[in-house]
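Structure data (compact mmCIF, C-alpha atoms and all ligand atoms) from structure_0.txt:
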```txt
# COMPACT_ATOMS: atom_id res chain seq x y z
CA MET V 1 31.88 65.13 -24.36
CA GLY V 2 35.35 63.64 -23.90
CA SER V 3 37.10 66.73 -25.24
CA LEU V 4 34.91 68.99 -23.09
CA LEU V 5 35.89 66.95 -20.05
CA GLY V 6 39.54 67.10 -21.13
CA ALA V 7 39.40 70.90 -21.50
CA LEU V 8 37.81 71.18 -18.05
CA CYS V 9 40.53 68.99 -16.56
CA ASP V 10 43.22 71.16 -18.18
CA LEU V 11 41.62 74.24 -16.64
CA LEU V 12 41.51 72.73 -13.19
CA TRP V 13 44.78 70.81 -13.24
CA THR V 14 48.15 72.07 -14.42
CA PRO V 15 50.55 69.24 -15.23
CA HIS V 16 53.77 69.18 -13.26
CA CYS V 17 57.13 67.97 -14.53
CA LEU V 18 57.83 64.43 -13.29
CA ALA V 19 61.50 65.22 -12.71
CA CYS V 20 61.62 68.70 -11.14
CA GLY V 21 58.00 69.25 -10.12
CA ALA V 22 57.73 72.62 -11.90
CA GLU V 23 54.45 73.48 -13.60
CA ALA V 24 54.77 72.27 -17.17
CA PHE V 25 52.20 74.59 -18.80
CA GLU V 26 51.23 72.07 -21.46
CA ALA V 27 48.23 69.76 -21.60
CA SER V 28 50.51 66.71 -21.78
CA PRO V 29 54.21 67.51 -22.14
CA PRO V 30 56.22 64.83 -23.93
CA ASP V 31 57.38 62.20 -21.44
CA GLY V 32 55.83 64.28 -18.62
CA LEU V 33 58.92 66.52 -18.52
CA CYS V 34 59.03 70.32 -18.63
CA ALA V 35 60.92 71.90 -21.54
CA LEU V 36 63.97 72.58 -19.34
CA CYS V 37 64.26 68.97 -18.12
CA ALA V 38 63.53 67.54 -21.58
CA ALA V 39 66.46 69.61 -22.94
CA ARG V 40 68.73 68.24 -20.19
CA VAL V 41 68.28 64.58 -21.21
CA ASP V 42 71.24 63.09 -23.08
CA PRO V 43 70.56 61.69 -26.54
CA PRO V 44 71.55 58.01 -26.76
CA PHE V 45 75.34 57.57 -26.93
CA PRO V 46 77.63 54.59 -27.45
CA ARG V 47 77.87 52.22 -24.51
CA CYS V 48 80.20 49.33 -23.84
CA ARG V 49 78.45 46.17 -25.07
CA ARG V 50 79.91 44.23 -22.21
CA CYS V 51 79.26 46.40 -19.13
CA GLY V 52 76.82 49.05 -20.39
CA ARG V 53 78.90 52.04 -19.31
CA GLY V 54 78.87 55.10 -21.55
CA VAL V 55 82.15 55.01 -23.48
CA GLY V 56 81.82 57.68 -26.16
CA PRO V 57 83.77 56.80 -29.28
CA HIS V 58 86.06 54.35 -27.44
CA ALA V 59 83.76 51.32 -27.54
CA TYR V 60 85.12 48.02 -28.66
CA ASP V 61 83.51 44.61 -28.56
CA GLU V 62 85.71 43.03 -25.89
CA GLY V 63 84.86 45.69 -23.33
CA CYS V 64 86.02 49.10 -22.20
CA LEU V 65 88.61 50.46 -19.79
CA GLY V 66 85.91 50.54 -17.08
CA CYS V 67 85.21 46.80 -17.20
CA GLU V 68 88.72 45.48 -17.62
CA GLY V 69 89.13 42.72 -15.07
CA GLU V 70 85.38 42.57 -14.26
CA ARG V 71 83.34 39.42 -14.80
CA TRP V 72 80.07 39.84 -16.64
CA ASP V 73 78.66 36.37 -17.33
CA VAL V 74 75.76 37.56 -19.45
CA ASP V 75 75.12 38.02 -23.14
CA GLY V 76 75.21 41.80 -22.93
CA ILE V 77 74.13 44.83 -20.97
CA VAL V 78 71.91 47.59 -22.31
CA ALA V 79 71.14 50.87 -20.54
CA GLY V 80 68.66 53.59 -21.40
CA GLN V 81 70.41 56.50 -19.67
CA SER V 82 73.22 57.28 -17.27
CA TYR V 83 72.19 57.44 -13.61
CA ARG V 84 72.45 61.19 -13.13
CA GLY V 85 70.47 64.36 -13.71
CA VAL V 86 66.91 64.04 -15.01
CA PRO V 87 66.83 60.21 -15.32
CA ARG V 88 68.11 59.90 -11.75
CA ALA V 89 65.40 62.33 -10.55
CA LEU V 90 62.79 60.15 -12.29
CA VAL V 91 64.08 56.99 -10.58
CA VAL V 92 63.88 58.76 -7.21
CA ALA V 93 60.34 60.02 -7.97
CA LEU V 94 59.28 56.50 -8.98
CA LYS V 95 60.83 54.58 -6.12
CA PHE V 96 60.59 56.89 -3.17
CA GLN V 97 57.60 59.08 -4.01
CA GLY V 98 55.60 56.35 -5.73
CA LEU V 99 55.14 58.51 -8.85
CA LEU V 100 54.34 55.61 -11.20
CA ALA V 101 54.13 57.87 -14.27
CA ALA V 102 57.90 58.45 -13.93
CA ALA V 103 58.37 54.88 -15.19
CA ARG V 104 57.11 55.83 -18.64
CA PRO V 105 60.00 58.03 -19.85
CA LEU V 106 62.50 55.64 -18.20
CA ALA V 107 60.90 52.74 -20.09
CA ARG V 108 60.87 54.62 -23.37
CA TRP V 109 64.62 55.34 -23.21
CA LEU V 110 65.30 51.71 -22.38
CA GLU V 111 63.04 50.59 -25.22
CA ASP V 112 64.97 52.82 -27.65
CA ALA V 113 68.28 51.37 -26.44
CA LEU V 114 67.00 47.77 -26.86
CA ARG V 115 65.80 48.56 -30.37
CA MET V 116 69.10 50.19 -31.29
CA ARG V 117 71.09 47.19 -30.08
CA ARG V 118 68.64 44.75 -31.73
CA VAL V 119 68.76 42.67 -28.56
CA PRO V 120 67.45 39.14 -29.11
CA GLY V 121 64.82 38.50 -26.49
CA ASP V 122 61.38 36.97 -26.22
CA LEU V 123 60.64 37.38 -22.52
CA LEU V 124 61.00 40.34 -20.16
CA VAL V 125 61.69 39.47 -16.53
CA PRO V 126 62.04 42.19 -13.87
CA VAL V 127 64.48 41.94 -10.97
CA PRO V 128 62.11 40.99 -8.14
CA LEU V 129 61.80 42.54 -4.70
CA SER V 130 61.38 40.31 -1.69
CA ALA V 131 57.75 39.82 -0.69
CA ALA V 132 58.29 42.01 2.40
CA ARG V 133 59.87 44.89 0.43
CA ARG V 134 57.16 44.69 -2.20
CA ARG V 135 54.45 44.88 0.46
CA GLU V 136 56.17 47.85 2.05
CA ARG V 137 56.49 49.78 -1.25
CA GLY V 138 53.26 48.57 -2.82
CA PHE V 139 54.89 47.95 -6.21
CA ASN V 140 58.13 46.80 -7.81
CA GLN V 141 59.68 49.63 -9.82
CA ALA V 142 61.53 47.22 -12.15
CA GLU V 143 58.23 45.47 -12.91
CA THR V 144 56.49 48.79 -13.63
CA ILE V 145 59.23 49.74 -16.11
CA ALA V 146 59.26 46.24 -17.66
CA ARG V 147 55.49 46.36 -18.21
CA HIS V 148 55.82 49.54 -20.30
CA VAL V 149 58.79 48.14 -22.26
CA ALA V 150 56.93 44.89 -22.95
CA ARG V 151 53.98 46.82 -24.32
CA GLY V 152 56.24 49.05 -26.44
CA LEU V 153 58.23 46.17 -27.94
CA GLY V 154 55.36 43.67 -28.12
CA LEU V 155 57.21 41.16 -25.92
CA GLU V 156 55.91 38.82 -23.26
CA HIS V 157 56.33 40.01 -19.66
CA ALA V 158 56.79 37.50 -16.83
CA PRO V 159 56.79 39.56 -13.61
CA TYR V 160 56.92 36.52 -11.34
CA ALA V 161 59.46 34.37 -13.21
CA LEU V 162 62.05 35.03 -10.49
CA ARG V 163 61.62 34.93 -6.74
CA ARG V 164 63.78 36.77 -4.23
CA THR V 165 64.26 34.58 -1.21
CA ARG V 166 66.13 37.08 0.93
CA HIS V 167 66.50 40.85 1.03
CA ASP V 168 69.68 42.03 2.68
CA PRO V 169 69.95 45.64 3.81
CA PRO V 170 71.09 48.04 1.11
CA GLN V 171 74.85 48.09 0.57
CA SER V 172 75.21 51.67 1.77
CA ARG V 173 74.14 50.46 5.22
CA SER V 174 75.81 47.08 5.16
CA THR V 175 79.16 46.04 6.51
CA PRO V 176 82.25 45.77 4.30
CA GLY V 177 82.13 42.00 4.73
CA ARG V 178 78.60 41.80 3.46
CA ARG V 179 79.40 44.19 0.62
CA ARG V 180 82.16 41.88 -0.55
CA ARG V 181 79.79 38.93 -0.49
CA GLY V 182 77.93 40.68 -3.29
CA PRO V 183 74.28 40.43 -4.23
CA ARG V 184 71.63 41.61 -1.85
CA GLY V 185 69.38 38.62 -1.82
CA ALA V 186 69.15 35.18 -3.34
CA PHE V 187 67.09 34.42 -6.43
CA VAL V 188 65.43 31.34 -7.89
CA ALA V 189 63.49 30.82 -11.10
CA ARG V 190 59.91 29.74 -10.49
CA GLY V 191 58.67 26.68 -12.37
CA GLU V 192 59.55 26.17 -16.02
CA GLY V 193 58.70 29.68 -17.19
CA VAL V 194 62.15 30.67 -18.48
CA ARG V 195 63.28 27.29 -19.87
CA GLY V 196 64.49 27.69 -23.46
CA ARG V 197 63.77 31.42 -23.49
CA CYS V 198 65.88 34.44 -24.46
CA VAL V 199 65.39 36.63 -21.42
CA VAL V 200 65.77 40.38 -21.09
CA LEU V 201 66.26 41.02 -17.36
CA VAL V 202 64.94 44.49 -16.47
CA ASP V 203 66.07 46.67 -13.57
CA ASP V 204 65.74 50.35 -12.75
CA VAL V 205 69.36 51.10 -11.87
CA LEU V 206 72.52 49.08 -12.49
CA THR V 207 75.42 50.01 -10.22
CA SER V 208 77.84 47.23 -9.26
CA GLY V 209 75.73 44.70 -11.15
CA ALA V 210 75.91 42.16 -8.31
CA THR V 211 72.12 41.88 -7.95
CA ALA V 212 71.45 41.66 -11.70
CA LEU V 213 74.18 39.06 -12.16
CA ALA V 214 72.72 36.94 -9.34
CA CYS V 215 69.36 37.10 -11.15
CA ALA V 216 71.00 36.20 -14.46
CA ARG V 217 72.58 33.12 -12.88
CA ALA V 218 69.20 32.07 -11.47
CA LEU V 219 67.65 32.45 -14.94
CA VAL V 220 70.38 30.27 -16.49
CA ARG V 221 69.86 27.65 -13.74
CA GLY V 222 66.16 27.79 -14.63
CA GLY V 223 66.96 26.94 -18.26
CA ALA V 224 67.17 30.35 -19.99
CA VAL V 225 69.38 30.06 -23.07
CA HIS V 226 70.30 33.74 -23.38
CA VAL V 227 70.22 36.55 -20.80
CA VAL V 228 70.69 40.25 -21.45
CA ILE V 229 70.57 42.78 -18.61
CA ALA V 230 68.52 45.87 -19.47
CA ALA V 231 68.73 48.74 -16.99
CA ALA V 232 66.77 51.95 -17.29
CA CYS V 233 69.81 53.73 -15.81
CA ARG V 234 73.46 52.78 -15.56
CA ALA V 235 75.80 54.30 -12.97
CA ASP V 236 78.69 54.66 -15.37
CA GLY V 237 81.23 57.11 -14.06
CA HIS V 238 84.82 55.94 -13.75
CA ALA V 239 85.35 53.60 -10.81
CA GLY V 240 86.05 56.43 -8.32
CA ALA V 241 82.97 58.40 -9.29
CA GLU V 242 80.86 55.27 -9.16
CA ARG V 243 81.89 54.50 -5.60
CA ALA V 244 80.79 58.01 -4.63
CA VAL V 245 77.22 57.19 -5.72
CA PRO V 246 75.57 55.20 -2.93
CA GLU V 247 74.02 51.93 -4.03
CA PRO V 248 70.32 52.75 -4.49
CA LEU V 249 67.80 50.92 -2.32
CA SER V 250 66.17 48.22 -4.39
ZN ZN V 301 61.30 69.75 -15.12
ZN ZN V 302 82.82 47.97 -20.40
```
Render the structure in this file as structure tokens.
Amino acid sequence: MGSLLGALCDLLWTPHCLACGAEAFEASPPDGLCALCAARVDPPFPRCRRCGRGVGPHAYDEGCLGCEGERWDVDGIVAGQSYRGVPRALVVALKFQGLLAAARPLARWLEDALRMRRVPGDLLVPVPLSAARRRERGFNQAETIARHVARGLGLEHAPYALRRTRHDPPQSRSTPGRRRRGPRGAFVARGEGVRGRCVVLVDDVLTSGATALACARALVRGGAVHVVIAAACRADGHAGAERAVPEPLS
């Protein structure tokens, strides 16, 4: 009966690619992407262990040319994909069109990257939205991605371990003064949930890192012993190119 129902559904409903919206002509294309988009996704490539930017063969442990002079007070940064092309289209579909299924391929790439780096972690914590922003959007995209990653890696997920006490306007609309002040929002760890834990902090896109670093500091204040930032996508062009990419709304 189930297969009959499935066949009927396939007849009535053609799957569409999550990234480009084209008809995908398969019952369930891998990752929900059409063949063209699937072929346009980069295979995993070496990233700087310190800042998470793609560095090709020029990775060394102390950092890369891109993060010289930057402060990254965390135990590492992992990224699933660069923030461009198909992965960027998926982030847009997830955040601004509410296409929750787009979180699945993003989570899978992040999961692969975490496995490859053998990141020590026993708790996944998403970067929170403020209560107002969450109400407005109806979900937190970082939490949706983290839930999939937690299931894939068999790790505990604590979606409410951090609280965002303020939500400044996105940096693209903020004043230079506010931009210099850094993170958009203030964060606190709730209760004792992260004390003594090795936390993997999950976000959808890492650009300047100011928001993720503010979360990491809140986790350490809350007693976390180890914090790694895990972003589904990393804006990792050289500094000039990165500035050209507007800070995504969070
Ligand atoms: Zn496509
Ligand atoms: Zn680097």
Using all atoms listed in the file, find each residue with an atom at most 10 Å away from ligand ZN 301 (chain V) and format the answer as a PDB file with C-alpha atoms, in the coordinates of the input.
```pdb
ATOM      1  CA  HIS V  16      53.770  69.180 -13.260  1.00  0.00           C
ATOM      2  CA  CYS V  17      57.130  67.970 -14.530  1.00  0.00           C
ATOM      3  CA  LEU V  18      57.830  64.430 -13.290  1.00  0.00           C
ATOM      4  CA  ALA V  19      61.500  65.220 -12.710  1.00  0.00           C
ATOM      5  CA  CYS V  20      61.620  68.700 -11.140  1.00  0.00           C
ATOM      6  CA  GLY V  21      58.000  69.250 -10.120  1.00  0.00           C
ATOM      7  CA  ALA V  22      57.730  72.620 -11.900  1.00  0.00           C
ATOM      8  CA  GLU V  23      54.450  73.480 -13.600  1.00  0.00           C
ATOM      9  CA  ALA V  24      54.770  72.270 -17.170  1.00  0.00           C
ATOM     10  CA  GLY V  32      55.830  64.280 -18.620  1.00  0.00           C
ATOM     11  CA  LEU V  33      58.920  66.520 -18.520  1.00  0.00           C
ATOM     12  CA  CYS V  34      59.030  70.320 -18.630  1.00  0.00           C
ATOM     13  CA  ALA V  35      60.920  71.900 -21.540  1.00  0.00           C
ATOM     14  CA  LEU V  36      63.970  72.580 -19.340  1.00  0.00           C
ATOM     15  CA  CYS V  37      64.260  68.970 -18.120  1.00  0.00           C
ATOM     16  CA  ALA V  38      63.530  67.540 -21.580  1.00  0.00           C
ATOM     17  CA  ALA V  39      66.460  69.610 -22.940  1.00  0.00           C
ATOM     18  CA  ARG V  40      68.730  68.240 -20.190  1.00  0.00           C
ATOM     19  CA  VAL V  86      66.910  64.040 -15.010  1.00  0.00           C
ATOM     20  CA  ALA V  89      65.400  62.330 -10.550  1.00  0.00           C
TER      21      ALA V  89
END
```
| query | Which residue gives the smallest distance to ligand ZN 302 (chain V) among V:Ala230, V:Val202, V:Leu219, V:Val55, with all atoms listed in the file counted? | reply |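 So, comparing all the options, the nearest one is V:Val55.
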Hey, could you make a per-residue contact list for chain V against ligand ZN 302 (chain V) with 10 Å as the cut-off, showing the nearest pair of atoms and its distance in Å to one decimal, counting all atoms listed in the file, sorted by chain and number, as CSV?
```
residue,atom,partner,partner_atom,distance
V:Arg47,CA,V:ZN302,ZN,7.7
V:Cys48,CA,V:ZN302,ZN,4.5
V:Arg49,CA,V:ZN302,ZN,6.6
V:Arg50,CA,V:ZN302,ZN,5.1
V:Cys51,CA,V:ZN302,ZN,4.1
V:Gly52,CA,V:ZN302,ZN,6.1
V:Arg53,CA,V:ZN302,ZN,5.8
V:Gly54,CA,V:ZN302,ZN,8.2
V:Val55,CA,V:ZN302,ZN,7.7
V:Ala59,CA,V:ZN302,ZN,7.9
V:Tyr60,CA,V:ZN302,ZN,8.6
V:Asp61,CA,V:ZN302,ZN,8.9
V:Glu62,CA,V:ZN302,ZN,7.9
V:Gly63,CA,V:ZN302,ZN,4.2
V:Cys64,CA,V:ZN302,ZN,3.8
V:Leu65,CA,V:ZN302,ZN,6.3
V:Gly66,CA,V:ZN302,ZN,5.2
V:Cys67,CA,V:ZN302,ZN,4.2
V:Glu68,CA,V:ZN302,ZN,7.0
V:Gly69,CA,V:ZN302,ZN,9.8
V:Glu70,CA,V:ZN302,ZN,8.6
V:Trp72,CA,V:ZN302,ZN,9.4
V:Ile77,CA,V:ZN302,ZN,9.3
V:Asp236,CA,V:ZN302,ZN,9.3
```
| request: Starting from the point (62.1, 34.0, -10.5), work out which residues of protein, DNA or RNA have an atom no more than 9 Å away when counting only C-alpha atoms; state them as JSON, numbers by chain. | output: {"V": [125, 126, 127, 128, 158, 159, 160, 161, 162, 163, 164, 187, 188, 189, 190, 191, 193, 194, 215, 218, 219, 222]}
| message | What's the separation between CA of Ser82 (chain V) and CA of Val149 (chain V), in Å to one decimal place? | response |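 Rounded to one decimal, the two atoms are 17.8 Å apart.
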| message | When you look at Val119 (chain V) with a cut-off of 12 Å (counting only C-alpha atoms), what residues show up, excluding the ones that are within fewer than 6 positions of it in the same chain? I need them as a PyMOL selection string. | response | chain V and resi 49+75-79+110-113+153+155+198-201+226-230
Requested write-out: C-alpha atoms of the selected residues, as an mmCIF file, keeping the file's coordinate frame:
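Contents of the output file result.cif:
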```
data_model
loop_
_atom_site.group_PDB
_atom_site.id
_atom_site.type_symbol
_atom_site.label_atom_id
_atom_site.label_comp_id
_atom_site.auth_asym_id
_atom_site.auth_seq_id
_atom_site.Cartn_x
_atom_site.Cartn_y
_atom_site.Cartn_z
ATOM 1 C CA ARG V 49 78.450 46.170 -25.070
ATOM 2 C CA ASP V 75 75.120 38.020 -23.140
ATOM 3 C CA GLY V 76 75.210 41.800 -22.930
ATOM 4 C CA ILE V 77 74.130 44.830 -20.970
ATOM 5 C CA VAL V 78 71.910 47.590 -22.310
ATOM 6 C CA ALA V 79 71.140 50.870 -20.540
ATOM 7 C CA LEU V 110 65.300 51.710 -22.380
ATOM 8 C CA GLU V 111 63.040 50.590 -25.220
ATOM 9 C CA ASP V 112 64.970 52.820 -27.650
ATOM 10 C CA ALA V 113 68.280 51.370 -26.440
ATOM 11 C CA LEU V 153 58.230 46.170 -27.940
ATOM 12 C CA LEU V 155 57.210 41.160 -25.920
ATOM 13 C CA CYS V 198 65.880 34.440 -24.460
ATOM 14 C CA VAL V 199 65.390 36.630 -21.420
ATOM 15 C CA VAL V 200 65.770 40.380 -21.090
ATOM 16 C CA LEU V 201 66.260 41.020 -17.360
ATOM 17 C CA HIS V 226 70.300 33.740 -23.380
ATOM 18 C CA VAL V 227 70.220 36.550 -20.800
ATOM 19 C CA VAL V 228 70.690 40.250 -21.450
ATOM 20 C CA ILE V 229 70.570 42.780 -18.610
ATOM 21 C CA ALA V 230 68.520 45.870 -19.470
#
```
